[in-house]
Each structure stands twice: as C-alpha cells, then as structure tokens.
Amino acid sequence: MQAAQIFSFHGGIHPEQNKAQSLQLPLGRPPLPNELILPLGQHIGQSSRPLVKIGDKVLKGQTIAMNNGFLSSFLHAPTSGTISAIEERLIAHPSGLSDLCIILTPDGQDEWTELTPLVDWKVGSKTDVLAYLSEMGIVGMGGAGFPTQVKLQGAHKHPLSHFIINAAECEPYITADDMLIREKTLELILGIEILQHLVEADQVVIGIEDNKPTAIAALNRLLDERNSTIKVAVVPTKYPSGGEKQLIQLLTNKEVPSGQHPADIGILCQNVGTCVAVHDAIYQGKPLISRFTTLTGDALKSPQNVEALLGTPIAHLLDYAESEQKKLHRLVMGGPMMGYTLDSAVVPIVKTSNCILAATKKELPTPAPEQACIRCGMCEQACPASLLPQQLLWFSKSQEHEKAEHYNLFDCIECGACSYVCPSSIPLVQYYRHSKSSIREAREANVKSDLAKQRFEARQARQEAEAAEKEAKRLARQKATTQKASDKAAPTKAATSATATPSAASTNDESKKLKIDLAIGKTKLKKLQKQLLAAQENEHLEEINALQQQATEQEKQVALLEEELAKVSTAAPSAAATPAPAKAPVSDELKKAKVDVALIGVKLKKLQKQLLENPDDNEIKTKIAGFEADLKAAQALLEKLGANGPATTVAKAAVSDELKKLKIDAAIAKAAVKKVEKALKKAEEIQAPEIDAIRQQLKEAQQRADNLEKTLANPAPAAPAAIASSPANADADKKRKIDLAVAKAGIKKAEKNIALLKEQGKDEAEIEASEWPKKLAEAQAKLATLETETNPSETATAPAASMTPANADADKKRKIDLAVAKAGIKKAEKNIALLKEQGKDDAEIEASEWPQKLAEAQAKLATLESQTNEPTAAPKIETKTSDEKPNLAEQIKKQKIAAALAKAQINKLTKRLENSVEGTPEEAESIQQEILAAQQKQQDAERLLAQLTHSQDNTQENR
C-alpha cells in the first residue's frame, strides 16, 4: 500500500500530550445510572421534538424525539425504562444554562426494540440510505454535531477528489478515537466503505498523528488483509493538525477559501466515531445511543476510556473512575485547549462529548492576570489559520465588527494556540468568541428589523387602502348630492350626466382599488422573495420548495392585477367623456405634470446618491440617464401647459440660482485666502524655500476673491437667451456635478484601498503592482479635467466673443497640466515622507527617484504658473520675443527651485553633521563632501540665475 504524501500548514504549537495515563486500562463500561438526562439539542440546528409523554415505557433504541428542521436530528432511548419527566435541566454548554431534556429512568432490563438493518444499501437508492442514517440520529462526533446526512448531501454539489477520515486527535489528554480504532478496527473500515460508496470519492485517506503507533499498526494490518484502496497518512504530531482545514492542507496541500466549505473544493471529512456509528446503523440497525469518552486528569485514580450511554451524568462517570474531590480543581468538558469549564457534575454526556478532564490545580492553574499586549507577534506565528490575532484583538476590544470581519474573524477555529503562546496572558479566543456572538446578534436584529419594516409597510398599505375606500365613498355621496341639485336646476342636462357620472366614478374607484391591491401584492411578493433567498443561503431545503411555490403564485396574482389595471386605465377616458368646464382638463394636466416632475426628481436624487456609493455600477448610470430623459420631457410638458407663468418662474429661478452660486464661489474664495495666509505664516516661521511661491498663490487667491466680491455687489442681469436655455444648462451642470462627485468618490476609494494594503504590510512594489495606484491616477486626472471645464450655466451667460475656441482649448489644456503637475508634487512628497517613516536616511532618499520627480514636477508647475500671469496674446501676434519669454521665465524659475533645493540640502546635511559627533571620522568626512557638492550646486544655480535675470532685463529694455 503506497503511503500518502504529507505537506504542512502555517503555525501550530506543541503542548504536552498527556495521553499515556488514559491508555493504561482497557475500555471501561460503566453500570447504568439511576437516570439518564437526554437534552433535545445534541446537535447543531434546532432542538428535536419529543415523541413521548411522561409515564411512557420505552425500549432500548426506540425513537423518543424526531428532527425539527433541516439541521435537526433524531434521538433514541439509550436503554429501556420509563419517561419520568420532560423538563429544563443543566446541560454541557459554555453558558452553563439549562435546556429542555427528556429524563429516562432505567428499568435495568436493557431490552432492545426491534432492529431493522439496511441490508440492501449497495443496490438501493443513495437518498434512501441518507434518510435511514437521519432516522438513526447520526451526527458528526468530532466537532459541532453537524447532521451526517446533510453533510453527505452537500458532498454532491461538486465531484469529490478526496474523502478524508479524521483520526488525528491532536488535543492533549484525549485518546477516545485512539481507543475506538484499537477496539473497533473492522467496524471502522466497513463504515468508511459505506460512506465511500455514498460520496463516490476518487481517494480515501485516513489522517492520523504519529503518536498512535498501536492504532496505526491495526489499521495497516487490516487494510492489507482486505487489499483495500484506503490509504493511511501518518502526520507529525502538532496541534491543531486535527482541525478540518488544517488536516486537509496536510494531506492535499489545498486551502479552503475563506467563507467556503471543504465540499466546495471537492473534499469531504468525517470523524472515525461517525464512521463506526454508520456501520452499527447499516449492518446492525442500531441507532446512535452511546459513544467512546476519555476520563482523565490527575484528580482521577483510574483514568481510562469508557463506552458511555448518552445522557449518563458526569458525576456517575467520575465515581466510576474514582475521582478525588479534594484534588479536583477544574472540571472540563473536552481538552485543555478547546474545552470549557463545567460548573456542575450533574450535566449529561451528549453525542459530541469526547473527554472529561478532572484537573488538579497543578495541572490547570488559574490563568495569570491579563496584561498589555507587547506586540511580540508570537500569536501570528502560532495561528494555523494565517490570521492576524493582534489586529483582531484591537477590533474586538473597540467593537469595530466590520473591520474584524474584513480581517476574516469567522475563519478563526478557536483552537487557542494564540492564547497559549501569549506572554501577556491575554485570553484572545474569549475576545473573538464575544465578537462573533455580537456580530451574529446584530445580523439577527437586522433580519428582525427587515421583517418589522415589511409588516409596517403592509400595515401602511392597508391603512391607505381603507382611507382610499372612505374617500371614494365620500366622493360618491358628494356627487350624489350634487346630482340631486343639478336635477332640480336642469332636468335635461341632469338626464345626460346621470348616465355618465356614476360610470366614471365607478371606473375611478375600481382603478384606485386595483392600484392598492397591486401595491399590497408587490409587497407580499418582495417579502416572499427575501425569505426564499435567505432559505437558499442557509440551505433549508424544506422551506425552499414551499416558498418557491408561494412566490410563483404571488407573481401570477400580481400579473393579473396589472392586466386588470391596464384594462381599467384604457377604459377610463371613454367613461370620463362627460361635459365639463373648459379649464378643468388643463388644470388637471398641469397638476399631473407638476407631480410627475417632483416624483422623477426624487427618484433621480435617490439614484444619484446610490451612484456616489457605487461609482462603477453601470445599471444605476443607465437608470439615471433614463430618468433624466423623463425629467426633460416632464419639464417641457409643464412649461407648455403653464404658458407664460412657468417661463417667468424659470427666469426668476435662473437669476436666483446664479446669485446663489456667486455667493458660494465668493465664500470658497475667502476660505482659500485664509488657508493660503495660514500656509504663508507657517512657511515664514520655518523659513521654507517655497515662501515666494506661496506669496504668489496668496496674491492670486486674493485677486480672485476681490473679483467675485465686485461681481456679487453688481450682479449682471440674466440675458434672455441664457434664461431660455436654462433647463438644458441646468441638466448639463447637474451631470457635471454628478461626474465630479463620482470622480471624488473614486479617489477616496482608491486611497482607502492603498491605505489598506499598507496596513496589511505590503511594500511599495506590491502596492504599485496592484490596480489601485492606476485607478487613483485616473480618478485624479478625471477630477482635474472636470474641475477645469467651464460651468455650462456660466458659458451660456458669457458673451460669445469672450474667448475663441483655440484659446479655450489652450486654457483647458493648461489647467489640466497644472492639476497633473500638482498631483505629481503631492505624490512625490508623499513617497519621500513614506521613505522617512521607513527609517531611510537622506542619502538613501536622495538616491531614490522621488527627489528628482519632485524637482521636475515643481519646475513644471512653476513654468505653468508663470504662463498664467502673462496675458494671452492674440493668435496673429506671434513674434520671436513672445516665444522666448516663457522659455526664459521657465529657466529662471527652474534655477530658483534648484538653488532652493540645494540650500535645503545644505541645511539637512549640516544638521546631520552636528548630530553625528559621536560617529566615525569617515562618516563625518563623507557628510562634509556632500555639503561641498551641494554648495557647488547652489553657487552654479545662483550664477546661472543672475545671467538669466540680466538677459530678461535686456530683453525688456529692447522692447
């Protein structure tokens, strides 16, 4: 038999095994206790439903509780006797709470019910075999008690490459699986073959740690005798190699993706205890009524493994193992790593109880008090799930649940390896458990909130329907009264209207009723669809079919109501064709047009908000475009119906909007002036080299603010042409604002993701290789383009001859170049600051590309700014001097920057030289050489600057 290949997994620890003491004695079989306590929740999912009453006599193996849902299980009597009570009792759970239990008083006869083995399991339907295993009450006996038939059903979603039998049993002290393999080797292999037939896996591997030589030898001997294809993979002893995902990685070198199950990657795991239970059910017809349990700890005189009936009180087993109460310090269900302390010994054994640890104070001392985290990183090295326990601790303490989920909190298997190695004695796992429970509670609260919202909406729709019905009756009474009065006034006219008015009223009432019924029907359909989606996510097969059928029927009802409403709507014009005053139809149409404009505007605003949250959603963009077209049509209709009135309103609105915009621009300009003044003050305090540039910015900002103040003091009257085209300009302006908001949201999103990559420890190369720097640059460029574009409303009011197309394009290009240059400066400064944070010295920073890029960007910005201050020449006046001026100004600016950079470099090197008094002479000499080189650069720049300035003065004199 070929040995299976063994791989490795991240982390893990090597605590003391302490397995030898429970293997000294043979398998024990304790006598029947006075009563058996059988909790109805011995599995994951909903508790079982009792099938017996108090006083009923039951036989061994008889069903006493049935499953209560998709993830529930059956429960059987472990022995014959009488049901003495069905009441709340303490159960084995970390909470120490009570649960509903069936209390069985044994009669001592241990009489079996009639057993019906499944002899045709090889030829029968696999679905029938799974249903049989469900009725036998078999659940996973190595973990959370997941019903076995549900796990096997999930295995058929994808073809299985590996079927793994978990016999690792990595937890210290526990030897129940080791003893089970020794005692029931044949039953185990037969049970594996049954499951292999059901799941149809390509390879079957038994994963077992190398600290079980007797069990390994027994397995190999039997498999050789049977010429079986089942492999035995002996893995190194390391905790927690028995974890499902860790064992999969050890045997297949595959990792289960976050949020997925092993079946999603073609792998299924089962515990050895589950395989033996499957054998007993199929071959002997016996349900799951007992299990192997380890009784260990220094407080027991006779530690051993026992085959205990389900429901046996732990106190009864402790007496059987001769416990010493004086020595007993802690009673633990499970092992010392993942087990939990029991407050009472009267709790019973359940289907998932693999160990009872009666520890002395020396064995499990009281944990040391929690201290502050010293950030040693040992928890991260020990974590088998490759998580960041330190980060998760901070998020758990600060209740930042979204961040904890983002760092894959639910991938934590709660093995306790991080707490074991923590030198600060921080109970990390306890924090994680608390955070998980808080997140689950929040999710449940959200579900309840959604249901309450649906009920409220249904109630609101019902009240609206009742109000509409009352209003319809009131209108009918009012019309009847009006009819009587008109009958007296004009008999002939009354006779004509008497036949038309009731029919129109009845048509209107029917239309209203249908609309209300349709709204209620759509609400019900939405609720059913949500419930169906939740059931599909949780794989509740029983609910899915029923909800699917209900949703289909509701869809049909909604479709019928829509058809009836369409018929009534088409019939309404003919029914309403009664003589009426000439102004009434126009008034109704005008009112309807106003309502349509308001409704479309509300929907459009809502979609625009959604677009800001999801800038890349094309579906929302398509909807916005459709609503904008509808809004234009509705506005056009409103203007048409309103004649001169709406035009006046639009004109007033345009003037008001323009004045409001001017005020906003003036306020922004004033704020910009204050901001630049603060920057200048700070630069003067530290004698920064860029003082001149900041002063120039202040001058420009002040000039902009003064111009806006003058415009605001004497606002120009709006031109008729601008007012006439205001709807189109308003739409273009609105679209530009949306594009601006989307670009800003894109920048924020990219910056957030880059920051997240930095938090995750990614270096600059990895960050640059990702998509986010590119997206950030694209968003910044788009924002720069949009900011430089002229506001459509301003363009409409400006004189046609203010700027030629060529000048407008040149101005637009220059503004884009300005924005790009500023972005380049910011990026270079940010990267230089990042290098400083990483501890790089000035020499290393100077050797990098960023100082050079900063200087280039600053030079480019200086050139562009110098062009800004010059008046734009007409296209026809292009002389040689006008071409030379920008080049000369650019060179002067460049040399000023070079001189300033050299001066700043000299200051930095001088400080380094002062701080390196205790350094080596070679280091001091090297710094001095750098200072001399920088001084030479400064002198060269100043000399060239003087020459360029002289040339500029001569040029101006010649002009």
# chains A, B, ... in the order shown; residues from 1 in each chain; ligands from 1
call {"tool": "residues_around", "arguments": {"residues": "Glu209 of chain A", "least_positions_apart": "4", "cutoff": "12 Å", "atoms": "only C-alpha atoms", "output": "VMD selection string"}}
result
chain A and resid 6 17 166 to 171 175 177 to 178 213 to 216 232 to 242 247 250 to 251
call {"tool": "write_last_selection", "arguments": {"atoms": "N, CA and C atoms", "output": "short mmCIF file (atom, residue, chain, number, x, y, z; two decimals), in the first residue's frame"}}
result
data_model
loop_
_atom_site.label_atom_id
_atom_site.label_comp_id
_atom_site.auth_asym_id
_atom_site.auth_seq_id
_atom_site.Cartn_x
_atom_site.Cartn_y
_atom_site.Cartn_z
N ILE A 6 2.65 13.83 2.61
CA ILE A 6 2.31 14.74 3.70
C ILE A 6 2.89 16.12 3.41
N GLN A 17 1.51 16.31 25.63
CA GLN A 17 0.44 15.43 25.14
C GLN A 17 -0.43 14.88 26.28
N ASN A 166 -10.87 11.69 9.66
CA ASN A 166 -10.09 12.42 10.66
C ASN A 166 -9.87 11.55 11.89
N ALA A 167 -8.65 11.05 12.02
CA ALA A 167 -8.27 10.27 13.19
C ALA A 167 -7.07 10.91 13.88
N ALA A 168 -6.83 12.21 13.61
CA ALA A 168 -5.63 12.87 14.14
C ALA A 168 -5.67 12.99 15.66
N GLU A 169 -6.81 13.43 16.20
CA GLU A 169 -7.00 13.59 17.65
C GLU A 169 -5.80 14.32 18.27
N CYS A 170 -5.63 15.59 17.88
CA CYS A 170 -4.44 16.35 18.25
C CYS A 170 -4.52 16.97 19.64
N GLU A 171 -5.73 17.12 20.20
CA GLU A 171 -5.89 17.78 21.50
C GLU A 171 -5.21 16.97 22.61
N THR A 175 -7.90 10.54 24.17
CA THR A 175 -7.50 9.29 23.49
C THR A 175 -8.72 8.46 23.08
N ASP A 177 -10.61 8.49 20.30
CA ASP A 177 -10.52 7.97 18.93
C ASP A 177 -9.44 6.90 18.83
N ASP A 178 -8.33 7.08 19.54
CA ASP A 178 -7.25 6.08 19.56
C ASP A 178 -7.80 4.74 20.07
N PRO A 213 0.90 4.62 17.60
CA PRO A 213 1.51 3.51 16.84
C PRO A 213 0.63 2.25 16.85
N THR A 214 -0.03 1.94 17.96
CA THR A 214 -0.86 0.72 18.03
C THR A 214 -2.04 0.80 17.07
N ALA A 215 -2.71 1.96 17.05
CA ALA A 215 -3.86 2.14 16.16
C ALA A 215 -3.41 2.12 14.70
N ILE A 216 -2.25 2.74 14.39
CA ILE A 216 -1.73 2.75 13.01
C ILE A 216 -1.44 1.33 12.55
N VAL A 232 -3.53 5.13 4.57
CA VAL A 232 -3.30 5.66 5.92
C VAL A 232 -2.17 6.69 5.82
N ALA A 233 -2.47 7.93 6.18
CA ALA A 233 -1.48 9.00 6.13
C ALA A 233 -1.09 9.37 7.56
N VAL A 234 0.15 9.10 7.92
CA VAL A 234 0.65 9.38 9.27
C VAL A 234 1.26 10.78 9.26
N VAL A 235 0.64 11.70 10.01
CA VAL A 235 1.09 13.10 10.02
C VAL A 235 1.87 13.38 11.30
N PRO A 236 2.77 14.36 11.28
CA PRO A 236 3.53 14.68 12.50
C PRO A 236 2.61 15.21 13.60
N THR A 237 3.01 14.98 14.83
CA THR A 237 2.23 15.45 15.97
C THR A 237 2.44 16.96 16.13
N LYS A 238 1.39 17.68 15.86
CA LYS A 238 1.41 19.15 16.02
C LYS A 238 -0.02 19.60 16.22
N TYR A 239 -0.24 20.47 17.18
CA TYR A 239 -1.58 20.99 17.42
C TYR A 239 -1.78 22.25 16.58
N PRO A 240 -2.90 22.47 15.86
CA PRO A 240 -4.09 21.62 15.78
C PRO A 240 -4.20 20.89 14.43
N SER A 241 -3.41 19.88 14.21
CA SER A 241 -3.48 19.14 12.94
C SER A 241 -4.81 18.41 12.78
N GLY A 242 -5.57 18.25 13.88
CA GLY A 242 -6.88 17.61 13.78
C GLY A 242 -7.98 18.55 13.32
N LEU A 247 -6.04 19.65 8.53
CA LEU A 247 -5.79 18.29 8.07
C LEU A 247 -5.90 18.20 6.55
N LEU A 250 -2.70 19.45 5.25
CA LEU A 250 -1.63 18.47 5.47
C LEU A 250 -1.65 17.35 4.43
N LEU A 251 -2.85 16.90 4.06
CA LEU A 251 -2.96 15.70 3.20
C LEU A 251 -3.06 16.05 1.72
#
call {"tool": "closest_residue", "arguments": {"among": "A:Val597, A:Ile906, A:Leu393, A:Leu357", "to": "Ala372 of chain A", "atoms": "only C-alpha atoms"}}
result
A:Leu393
call {"tool": "residues_around", "arguments": {"residues": "Lys674 of chain A", "least_positions_apart": "4", "cutoff": "12 Å", "atoms": "only C-alpha atoms", "output": "ChimeraX atom specification"}}
result
/A:667-670,678-681,697-699,701-702,705
call {"tool": "write_last_selection", "arguments": {"atoms": "C-alpha atoms", "output": "PDB file, in the first residue's frame"}}
result
ATOM      1  CA  ALA A 667     -17.279  82.169   0.275  1.00  0.00           C
ATOM      2  CA  ILE A 668     -14.988  79.446  -1.152  1.00  0.00           C
ATOM      3  CA  ALA A 669     -12.554  82.098  -2.431  1.00  0.00           C
ATOM      4  CA  LYS A 670     -12.424  83.786   1.013  1.00  0.00           C
ATOM      5  CA  LYS A 678      -2.021  80.291   7.255  1.00  0.00           C
ATOM      6  CA  ALA A 679       0.360  78.365   4.990  1.00  0.00           C
ATOM      7  CA  LEU A 680       2.423  81.530   4.371  1.00  0.00           C
ATOM      8  CA  LYS A 681       2.639  82.272   8.085  1.00  0.00           C
ATOM      9  CA  GLN A 697      -0.647  81.945  -4.555  1.00  0.00           C
ATOM     10  CA  LEU A 698      -1.947  84.328  -1.872  1.00  0.00           C
ATOM     11  CA  LYS A 699      -1.910  87.201  -4.342  1.00  0.00           C
ATOM     12  CA  ALA A 701      -6.382  83.945  -4.332  1.00  0.00           C
ATOM     13  CA  GLN A 702      -6.933  87.495  -3.018  1.00  0.00           C
ATOM     14  CA  ALA A 705     -11.892  86.812  -4.057  1.00  0.00           C
TER      15      ALA A 705
END
call {"tool": "atom_distance", "arguments": {"atom1": "atom CA of Leu364 of chain A", "atom2": "atom CA of Leu331 of chain A"}}
result
9.9 Å
call {"tool": "select_by_dssp", "arguments": {"residues": "segment 74-138 of chain A", "states": "strand (DSSP E)", "output": "PyMOL selection string"}}
result
chain A and resi 75-76+81-90+98-106
call {"tool": "write_last_selection", "arguments": {"atoms": "N, CA and C atoms", "output": "PDB file, in the first residue's frame"}}
result
ATOM      1  N   LEU A  75     -33.506  11.389  18.136  1.00  0.00           N
ATOM      2  CA  LEU A  75     -32.946  10.989  19.434  1.00  0.00           C
ATOM      3  C   LEU A  75     -33.606   9.682  19.849  1.00  0.00           C
ATOM      4  N   HIS A  76     -32.781   8.775  20.426  1.00  0.00           N
ATOM      5  CA  HIS A  76     -33.266   7.444  20.761  1.00  0.00           C
ATOM      6  C   HIS A  76     -32.974   7.123  22.223  1.00  0.00           C
ATOM      7  N   GLY A  81     -36.784   1.627  29.829  1.00  0.00           N
ATOM      8  CA  GLY A  81     -37.193   2.238  31.091  1.00  0.00           C
ATOM      9  C   GLY A  81     -38.435   3.096  30.914  1.00  0.00           C
ATOM     10  N   THR A  82     -38.622   4.044  31.843  1.00  0.00           N
ATOM     11  CA  THR A  82     -39.824   4.879  31.867  1.00  0.00           C
ATOM     12  C   THR A  82     -39.433   6.352  31.754  1.00  0.00           C
ATOM     13  N   ILE A  83     -40.242   7.108  31.006  1.00  0.00           N
ATOM     14  CA  ILE A  83     -40.024   8.557  30.895  1.00  0.00           C
ATOM     15  C   ILE A  83     -40.578   9.196  32.170  1.00  0.00           C
ATOM     16  N   SER A  84     -39.679   9.653  33.027  1.00  0.00           N
ATOM     17  CA  SER A  84     -40.105  10.188  34.323  1.00  0.00           C
ATOM     18  C   SER A  84     -40.381  11.699  34.273  1.00  0.00           C
ATOM     19  N   ALA A  85     -39.791  12.405  33.314  1.00  0.00           N
ATOM     20  CA  ALA A  85     -40.008  13.862  33.241  1.00  0.00           C
ATOM     21  C   ALA A  85     -39.539  14.387  31.885  1.00  0.00           C
ATOM     22  N   ILE A  86     -40.135  15.499  31.490  1.00  0.00           N
ATOM     23  CA  ILE A  86     -39.642  16.280  30.330  1.00  0.00           C
ATOM     24  C   ILE A  86     -39.556  17.717  30.837  1.00  0.00           C
ATOM     25  N   GLU A  87     -38.352  18.160  31.191  1.00  0.00           N
ATOM     26  CA  GLU A  87     -38.203  19.427  31.907  1.00  0.00           C
ATOM     27  C   GLU A  87     -36.854  20.072  31.611  1.00  0.00           C
ATOM     28  N   GLU A  88     -36.691  21.290  32.120  1.00  0.00           N
ATOM     29  CA  GLU A  88     -35.434  22.016  31.964  1.00  0.00           C
ATOM     30  C   GLU A  88     -34.390  21.442  32.927  1.00  0.00           C
ATOM     31  N   ARG A  89     -33.213  21.112  32.393  1.00  0.00           N
ATOM     32  CA  ARG A  89     -32.084  20.648  33.201  1.00  0.00           C
ATOM     33  C   ARG A  89     -30.800  21.330  32.718  1.00  0.00           C
ATOM     34  N   LEU A  90     -29.798  21.384  33.618  1.00  0.00           N
ATOM     35  CA  LEU A  90     -28.491  21.909  33.224  1.00  0.00           C
ATOM     36  C   LEU A  90     -27.885  21.023  32.142  1.00  0.00           C
ATOM     37  N   SER A  98     -29.674  26.110  31.164  1.00  0.00           N
ATOM     38  CA  SER A  98     -30.485  24.896  31.119  1.00  0.00           C
ATOM     39  C   SER A  98     -31.140  24.767  29.757  1.00  0.00           C
ATOM     40  N   ASP A  99     -31.626  23.558  29.449  1.00  0.00           N
ATOM     41  CA  ASP A  99     -32.349  23.299  28.207  1.00  0.00           C
ATOM     42  C   ASP A  99     -33.348  22.183  28.470  1.00  0.00           C
ATOM     43  N   LEU A 100     -34.310  22.056  27.542  1.00  0.00           N
ATOM     44  CA  LEU A 100     -35.346  21.036  27.696  1.00  0.00           C
ATOM     45  C   LEU A 100     -34.730  19.652  27.511  1.00  0.00           C
ATOM     46  N   CYS A 101     -34.993  18.748  28.461  1.00  0.00           N
ATOM     47  CA  CYS A 101     -34.415  17.402  28.433  1.00  0.00           C
ATOM     48  C   CYS A 101     -35.508  16.358  28.712  1.00  0.00           C
ATOM     49  N   ILE A 102     -35.313  15.180  28.132  1.00  0.00           N
ATOM     50  CA  ILE A 102     -36.165  14.017  28.455  1.00  0.00           C
ATOM     51  C   ILE A 102     -35.433  13.207  29.525  1.00  0.00           C
ATOM     52  N   ILE A 103     -36.104  12.963  30.634  1.00  0.00           N
ATOM     53  CA  ILE A 103     -35.492  12.206  31.739  1.00  0.00           C
ATOM     54  C   ILE A 103     -36.000  10.763  31.677  1.00  0.00           C
ATOM     55  N   LEU A 104     -35.046   9.835  31.531  1.00  0.00           N
ATOM     56  CA  LEU A 104     -35.385   8.408  31.409  1.00  0.00           C
ATOM     57  C   LEU A 104     -34.871   7.670  32.639  1.00  0.00           C
ATOM     58  N   THR A 105     -35.789   6.960  33.337  1.00  0.00           N
ATOM     59  CA  THR A 105     -35.411   6.131  34.491  1.00  0.00           C
ATOM     60  C   THR A 105     -35.247   4.693  34.011  1.00  0.00           C
ATOM     61  N   PRO A 106     -34.020   4.128  34.012  1.00  0.00           N
ATOM     62  CA  PRO A 106     -33.815   2.762  33.507  1.00  0.00           C
ATOM     63  C   PRO A 106     -34.549   1.728  34.366  1.00  0.00           C
TER      64      PRO A 106
END
call {"tool": "residues_around", "arguments": {"residues": "segment 135-145 of chain A", "least_positions_apart": "6", "cutoff": "7 Å", "atoms": "only C-alpha atoms", "output": "count of residues only"}}
result
14
call {"tool": "residues_around", "arguments": {"residues": "segment 518-523 of chain A", "least_positions_apart": "5", "cutoff": "8 Å", "atoms": "only C-alpha atoms", "output": "VMD selection string"}}
result
chain A and resid 454 457 to 458 461 to 462 554 557 to 558 561 to 562
call {"tool": "atom_distance", "arguments": {"atom1": "atom CA of Gln548 of chain A", "atom2": "atom CA of Lys527 of chain A"}}
result
12.0 Å
call {"tool": "closest_residue", "arguments": {"among": "A:Thr294, A:Ser770, A:Gln399, A:Thr552", "to": "Ile349 of chain A", "atoms": "only C-alpha atoms"}}
result
A:Thr294
call {"tool": "residues_around", "arguments": {"residues": "Gln109 of chain A", "least_positions_apart": "6", "cutoff": "10 Å", "atoms": "only C-alpha atoms", "output": "MDAnalysis selection string"}}
result
chainID A and resid 59:60 79:81
call {"tool": "write_last_selection", "arguments": {"atoms": "C-alpha atoms", "output": "PDB file, in the first residue's frame"}}
result
ATOM      1  CA  LEU A  59     -37.300   0.149  24.809  1.00  0.00           C
ATOM      2  CA  LYS A  60     -33.599   0.472  24.075  1.00  0.00           C
ATOM      3  CA  THR A  79     -31.781   1.790  27.472  1.00  0.00           C
ATOM      4  CA  SER A  80     -35.234   0.506  28.342  1.00  0.00           C
ATOM      5  CA  GLY A  81     -37.193   2.238  31.091  1.00  0.00           C
TER       6      GLY A  81
END
call {"tool": "residues_around", "arguments": {"residues": "Ile624 of chain A", "least_positions_apart": "3", "cutoff": "10 Å", "atoms": "only C-alpha atoms", "output": "VMD selection string"}}
result
chain A and resid 603 to 608 611 618 to 621 627 to 630 735
call {"tool": "write_last_selection", "arguments": {"atoms": "N, CA and C atoms", "output": "compact mmCIF listing (two decimals), in the first residue's frame"}}
result
# COMPACT_ATOMS: atom_id res chain seq x y z
N LYS A 603 -36.78 60.43 -7.44
CA LYS A 603 -36.15 59.17 -7.85
C LYS A 603 -34.74 59.41 -8.38
N LEU A 604 -34.59 60.49 -9.16
CA LEU A 604 -33.27 60.80 -9.72
C LEU A 604 -32.26 61.11 -8.62
N LYS A 605 -32.67 61.88 -7.59
CA LYS A 605 -31.77 62.18 -6.47
C LYS A 605 -31.35 60.91 -5.74
N LYS A 606 -32.32 60.00 -5.54
CA LYS A 606 -32.02 58.75 -4.85
C LYS A 606 -30.99 57.93 -5.63
N LEU A 607 -31.16 57.85 -6.96
CA LEU A 607 -30.21 57.10 -7.79
C LEU A 607 -28.84 57.76 -7.80
N GLN A 608 -28.83 59.10 -7.77
CA GLN A 608 -27.54 59.80 -7.76
C GLN A 608 -26.78 59.52 -6.47
N LEU A 611 -25.29 56.16 -6.85
CA LEU A 611 -24.13 56.20 -7.75
C LEU A 611 -22.88 56.69 -7.02
N ASN A 618 -22.90 50.28 -13.65
CA ASN A 618 -23.43 50.73 -14.95
C ASN A 618 -24.95 50.72 -14.97
N GLU A 619 -25.55 49.81 -14.21
CA GLU A 619 -27.02 49.72 -14.19
C GLU A 619 -27.63 51.01 -13.63
N ILE A 620 -27.02 51.54 -12.55
CA ILE A 620 -27.51 52.79 -11.96
C ILE A 620 -27.34 53.94 -12.96
N LYS A 621 -26.20 53.96 -13.66
CA LYS A 621 -25.97 55.02 -14.64
C LYS A 621 -27.03 54.99 -15.74
N PHE A 627 -34.08 58.39 -16.38
CA PHE A 627 -34.85 59.35 -15.57
C PHE A 627 -34.59 60.79 -15.99
N GLU A 628 -33.32 61.08 -16.40
CA GLU A 628 -33.03 62.44 -16.85
C GLU A 628 -33.83 62.77 -18.12
N ALA A 629 -33.95 61.77 -19.02
CA ALA A 629 -34.75 61.98 -20.24
C ALA A 629 -36.22 62.20 -19.87
N ASP A 630 -36.72 61.38 -18.91
CA ASP A 630 -38.11 61.55 -18.46
C ASP A 630 -38.32 62.92 -17.82
N LYS A 735 -25.21 67.15 -14.46
CA LYS A 735 -24.42 66.00 -14.89
C LYS A 735 -22.95 66.19 -14.53
call {"tool": "closest_residue", "arguments": {"among": "A:Gln531, A:Thr293, A:Gln838, A:Gln905", "to": "Met179 of chain A", "atoms": "only C-alpha atoms"}}
result
A:Thr293
call {"tool": "atom_distance", "arguments": {"atom1": "atom CA of Cys412 of chain A", "atom2": "atom CA of Cys376 of chain A"}}
result
19.8 Å
